[in-house]
Amino acid sequence: MSTEPACAAPAFPASFYRELADGSFESTSATAGPWSPKTQHAGPPSALVGRALERHAARAGSRIVRVTVELLRPVPVADLRVEVRTVRAGGRVELLEGELTADGEPVLLARAWRMVASPAATPSLRHSPPAPPKPAPQAARTMTGAHLDGYVSAMEWRFPDGHSFDSVGPGTVWARQRIPLVAGERDSPLTRALTLADSSWAVAFELDHHEGLVINTDITLALHRAPVGEWLCLRSETAASPAGSGLATGLMYDETGDCGRVLQTLLVTERRPG
């Protein structure tokens, strides 16, 4: 990880996962999401599947351009197993599918398109507004009513203009991992992007998720180029309609400019009594 100074954070494990001898992965407490210490934030398991997808029958000159993650049920902080298969093989385009299981039960599915990289003569086209400058180091950010000693603390967050997770969106944040995805490994651009991508809808909070139930069912990350460096920025907003659902959309940047998009479908409903 980078040697750039970071503000103090609670003690946490040295990685999100540790690979076990049988090829499965031990989930550390750093994977725990803001809603419970027993269930994971979807960022680390999405990245764990992404790691397997990009390693599956990898070919020089090709790259993962889009990953869609389906969140079947809460991912427990427990041992996980990842399996990947090729759905469509091709010389220039391939469709891959990954599955994450806990105790033999599927908890997450993912599909990814892998394509040959565009030629050097391809024009550089970017129409998104630039991201704001990365703020200076900040005190640890909180989230009202959240479990903070897992994923939230294992990432470094920098919000502009005094904002936080409790600010009403649209929102913007710069973030990086304090720890690697898998112990003893260097993170890839894809896994870094996936580790952060599920946070897009939290940055975009505009619906009352304390009084009602607001939760995402999926994550789609599309990258028109590989992110550079460990710092990434999300600029996110929410759309919603009566008798409809919610939709969180985010622009993803690195320190050189925009690199992709994040799309998440939101269940918006009343909380059940009890």
# chains A, B, ... in the order shown; residues from 1 in each chain; ligands from 1

$ select_by_dssp --residues "region 38-217 of chain A" --states "alpha helix (DSSP H)" --output "PyMOL selection string"
chain A and resi 43-55+151-154+189-197+200-203

$ write_last_selection --atoms "N, CA, C and O atoms" --output "short mmCIF file (atom, residue, chain, number, x, y, z; two decimals), in the first residue's frame"
data_model
loop_
_atom_site.label_atom_id
_atom_site.label_comp_id
_atom_site.auth_asym_id
_atom_site.auth_seq_id
_atom_site.Cartn_x
_atom_site.Cartn_y
_atom_site.Cartn_z
N GLY A 43 -18.59 -4.57 -1.09
CA GLY A 43 -17.38 -4.21 -1.83
C GLY A 43 -16.33 -5.31 -1.84
O GLY A 43 -15.90 -5.77 -2.91
N PRO A 44 -15.85 -5.78 -0.67
CA PRO A 44 -14.83 -6.83 -0.68
C PRO A 44 -15.23 -8.12 -1.38
O PRO A 44 -14.45 -8.64 -2.20
N PRO A 45 -16.45 -8.69 -1.15
CA PRO A 45 -16.77 -9.92 -1.89
C PRO A 45 -16.92 -9.69 -3.39
O PRO A 45 -16.61 -10.58 -4.19
N SER A 46 -17.39 -8.51 -3.80
CA SER A 46 -17.43 -8.20 -5.24
C SER A 46 -16.02 -8.23 -5.82
O SER A 46 -15.79 -8.77 -6.91
N ALA A 47 -15.08 -7.66 -5.09
CA ALA A 47 -13.69 -7.64 -5.54
C ALA A 47 -13.08 -9.04 -5.54
O ALA A 47 -12.27 -9.37 -6.42
N LEU A 48 -13.48 -9.87 -4.57
CA LEU A 48 -12.95 -11.24 -4.52
C LEU A 48 -13.39 -12.02 -5.74
O LEU A 48 -12.60 -12.77 -6.34
N VAL A 49 -14.65 -11.86 -6.15
CA VAL A 49 -15.11 -12.50 -7.38
C VAL A 49 -14.42 -11.88 -8.59
O VAL A 49 -14.03 -12.58 -9.53
N GLY A 50 -14.26 -10.55 -8.58
CA GLY A 50 -13.56 -9.89 -9.68
C GLY A 50 -12.14 -10.40 -9.85
O GLY A 50 -11.65 -10.57 -10.98
N ARG A 51 -11.46 -10.64 -8.75
CA ARG A 51 -10.10 -11.22 -8.78
C ARG A 51 -10.11 -12.55 -9.51
O ARG A 51 -9.24 -12.83 -10.35
N ALA A 52 -11.09 -13.41 -9.20
CA ALA A 52 -11.17 -14.72 -9.86
C ALA A 52 -11.54 -14.59 -11.33
O ALA A 52 -11.03 -15.32 -12.18
N LEU A 53 -12.43 -13.64 -11.65
CA LEU A 53 -12.84 -13.45 -13.04
C LEU A 53 -11.67 -13.02 -13.92
O LEU A 53 -11.48 -13.54 -15.02
N GLU A 54 -10.86 -12.08 -13.45
CA GLU A 54 -9.77 -11.62 -14.30
C GLU A 54 -8.63 -12.63 -14.38
O GLU A 54 -7.86 -12.61 -15.33
N ARG A 55 -8.53 -13.54 -13.43
CA ARG A 55 -7.50 -14.58 -13.49
C ARG A 55 -7.94 -15.79 -14.30
O ARG A 55 -7.10 -16.61 -14.69
N TYR A 151 -15.44 -2.60 7.32
CA TYR A 151 -15.11 -1.97 6.04
C TYR A 151 -14.97 -0.46 6.14
O TYR A 151 -14.05 0.12 5.55
N VAL A 152 -15.85 0.20 6.89
CA VAL A 152 -15.81 1.66 6.95
C VAL A 152 -14.46 2.14 7.45
O VAL A 152 -13.91 3.12 6.94
N SER A 153 -13.87 1.44 8.44
CA SER A 153 -12.58 1.84 8.98
C SER A 153 -11.42 1.31 8.15
O SER A 153 -10.31 1.86 8.21
N ALA A 154 -11.64 0.24 7.40
CA ALA A 154 -10.57 -0.34 6.59
C ALA A 154 -10.32 0.44 5.31
O ALA A 154 -9.39 0.14 4.55
N PRO A 189 -6.10 -3.00 -10.55
CA PRO A 189 -7.02 -1.88 -10.77
C PRO A 189 -8.48 -2.29 -10.69
O PRO A 189 -9.30 -1.58 -10.12
N LEU A 190 -8.83 -3.47 -11.24
CA LEU A 190 -10.21 -3.93 -11.20
C LEU A 190 -10.67 -4.20 -9.77
O LEU A 190 -11.76 -3.78 -9.37
N THR A 191 -9.86 -4.89 -8.97
CA THR A 191 -10.31 -5.21 -7.62
C THR A 191 -10.40 -3.95 -6.76
O THR A 191 -11.30 -3.84 -5.92
N ARG A 192 -9.51 -2.98 -6.97
CA ARG A 192 -9.63 -1.73 -6.22
C ARG A 192 -10.94 -1.02 -6.55
O ARG A 192 -11.62 -0.49 -5.67
N ALA A 193 -11.29 -1.01 -7.83
CA ALA A 193 -12.54 -0.36 -8.25
C ALA A 193 -13.76 -1.09 -7.68
O ALA A 193 -14.72 -0.46 -7.22
N LEU A 194 -13.74 -2.42 -7.68
CA LEU A 194 -14.87 -3.18 -7.16
C LEU A 194 -14.97 -3.07 -5.64
O LEU A 194 -16.08 -3.09 -5.08
N THR A 195 -13.86 -2.98 -4.96
CA THR A 195 -13.90 -2.82 -3.50
C THR A 195 -14.64 -1.56 -3.12
O THR A 195 -15.36 -1.51 -2.12
N LEU A 196 -14.52 -0.52 -3.94
CA LEU A 196 -15.18 0.76 -3.64
C LEU A 196 -16.57 0.88 -4.24
O LEU A 196 -17.43 1.58 -3.68
N ALA A 197 -16.84 0.20 -5.36
CA ALA A 197 -18.04 0.49 -6.16
C ALA A 197 -19.34 0.40 -5.38
O ALA A 197 -20.25 1.22 -5.59
N SER A 200 -21.06 3.50 -3.75
CA SER A 200 -21.60 4.60 -4.55
C SER A 200 -22.97 5.02 -4.04
O SER A 200 -23.26 6.21 -3.89
N TRP A 201 -23.86 4.07 -3.73
CA TRP A 201 -25.21 4.45 -3.31
C TRP A 201 -25.21 5.08 -1.92
O TRP A 201 -26.08 5.89 -1.61
N ALA A 202 -24.21 4.75 -1.07
CA ALA A 202 -24.10 5.40 0.23
C ALA A 202 -23.65 6.84 0.08
O ALA A 202 -24.10 7.73 0.81
N VAL A 203 -22.77 7.10 -0.87
CA VAL A 203 -22.33 8.46 -1.16
C VAL A 203 -23.49 9.27 -1.72
O VAL A 203 -23.57 10.49 -1.54
#

$ residues_around --residues "region 102-104 of chain A" --least-positions-apart "5" --cutoff "10 Å" --atoms "only C-alpha atoms" --output "short mmCIF file (atom, residue, chain, number, x, y, z; two decimals) with N, CA, C and O atoms, in the first residue's frame"
data_model
loop_
_atom_site.label_atom_id
_atom_site.label_comp_id
_atom_site.auth_asym_id
_atom_site.auth_seq_id
_atom_site.Cartn_x
_atom_site.Cartn_y
_atom_site.Cartn_z
N SER A 24 -10.25 -21.90 -0.58
CA SER A 24 -11.29 -21.01 -0.10
C SER A 24 -10.64 -19.81 0.59
O SER A 24 -9.41 -19.72 0.70
N PHE A 25 -11.47 -18.87 1.09
CA PHE A 25 -10.94 -17.65 1.65
C PHE A 25 -11.58 -17.38 3.01
O PHE A 25 -12.80 -17.44 3.17
N VAL A 75 -23.86 -11.49 2.63
CA VAL A 75 -22.67 -12.33 2.63
C VAL A 75 -22.14 -12.40 4.06
O VAL A 75 -21.80 -11.37 4.65
N PRO A 76 -22.07 -13.58 4.66
CA PRO A 76 -21.62 -13.66 6.06
C PRO A 76 -20.11 -13.44 6.17
O PRO A 76 -19.35 -13.69 5.23
N VAL A 77 -19.69 -12.97 7.34
CA VAL A 77 -18.25 -12.90 7.63
C VAL A 77 -17.83 -14.31 8.02
O VAL A 77 -17.85 -14.71 9.19
N ALA A 78 -17.48 -15.09 6.99
CA ALA A 78 -17.21 -16.51 7.15
C ALA A 78 -16.32 -16.96 5.99
O ALA A 78 -15.98 -16.16 5.11
N ASP A 79 -15.95 -18.23 5.98
CA ASP A 79 -15.15 -18.75 4.87
C ASP A 79 -15.98 -18.75 3.59
O ASP A 79 -17.18 -19.11 3.61
N LEU A 80 -15.36 -18.36 2.49
CA LEU A 80 -16.04 -18.25 1.20
C LEU A 80 -15.29 -19.05 0.14
O LEU A 80 -14.07 -19.21 0.21
N ARG A 81 -16.04 -19.50 -0.85
CA ARG A 81 -15.44 -20.19 -1.99
C ARG A 81 -15.90 -19.51 -3.28
O ARG A 81 -17.06 -19.12 -3.39
N VAL A 82 -15.00 -19.40 -4.24
CA VAL A 82 -15.29 -18.73 -5.51
C VAL A 82 -15.09 -19.71 -6.65
O VAL A 82 -14.08 -20.42 -6.70
#

$ select_by_dssp --residues "region 40-111 of chain A" --states "strand (DSSP E)" --output "PyMOL selection string"
chain A and resi 62-71+81-88+93-102+105-111

$ closest_residue --among "A:Pro106, A:Leu20, A:Asp187, A:Ala32" --to "Ala146 (chain A)" --atoms "only C-alpha atoms"
A:Ala32

$ residues_around --residues "Ala226 (chain A)" --least-positions-apart "4" --cutoff "12 Å" --atoms "only C-alpha atoms" --output "list in words"
Ser62, Arg63, Ile64, Val65, Arg66, Ala117, Ser188, Pro189, Leu190, Thr191, Arg192, Ala193, Leu194, Leu221, Ala222, Glu230, Leu232, Met252, Tyr253, Asp254, Thr256, Gly257, Asp258, Cys259 and Gly260 of chain A

$ write_last_selection --atoms "C-alpha atoms" --output "mmCIF file, in the first residue's frame"
data_model
loop_
_atom_site.group_PDB
_atom_site.id
_atom_site.type_symbol
_atom_site.label_atom_id
_atom_site.label_comp_id
_atom_site.auth_asym_id
_atom_site.auth_seq_id
_atom_site.Cartn_x
_atom_site.Cartn_y
_atom_site.Cartn_z
ATOM 1 C CA SER A 62 -7.656 -8.481 -23.004
ATOM 2 C CA ARG A 63 -9.334 -6.783 -20.044
ATOM 3 C CA ILE A 64 -12.495 -6.981 -17.955
ATOM 4 C CA VAL A 65 -14.643 -4.054 -19.113
ATOM 5 C CA ARG A 66 -17.848 -4.612 -17.142
ATOM 6 C CA ALA A 117 -8.107 -3.761 -25.558
ATOM 7 C CA SER A 188 -5.296 -4.948 -9.312
ATOM 8 C CA PRO A 189 -7.019 -1.877 -10.770
ATOM 9 C CA LEU A 190 -10.211 -3.931 -11.200
ATOM 10 C CA THR A 191 -10.305 -5.209 -7.616
ATOM 11 C CA ARG A 192 -9.630 -1.730 -6.221
ATOM 12 C CA ALA A 193 -12.542 -0.359 -8.248
ATOM 13 C CA LEU A 194 -14.867 -3.183 -7.161
ATOM 14 C CA LEU A 221 -19.217 -1.420 -12.718
ATOM 15 C CA ALA A 222 -18.209 -0.470 -16.272
ATOM 16 C CA GLU A 230 -4.963 3.504 -5.310
ATOM 17 C CA LEU A 232 -10.439 6.619 -6.500
ATOM 18 C CA MET A 252 -15.713 6.884 -10.975
ATOM 19 C CA TYR A 253 -12.454 8.794 -11.287
ATOM 20 C CA ASP A 254 -8.795 8.316 -10.520
ATOM 21 C CA THR A 256 -5.962 11.478 -13.929
ATOM 22 C CA GLY A 257 -9.693 11.723 -14.799
ATOM 23 C CA ASP A 258 -12.861 9.649 -15.176
ATOM 24 C CA CYS A 259 -12.486 5.930 -15.767
ATOM 25 C CA GLY A 260 -15.962 4.408 -15.451
#
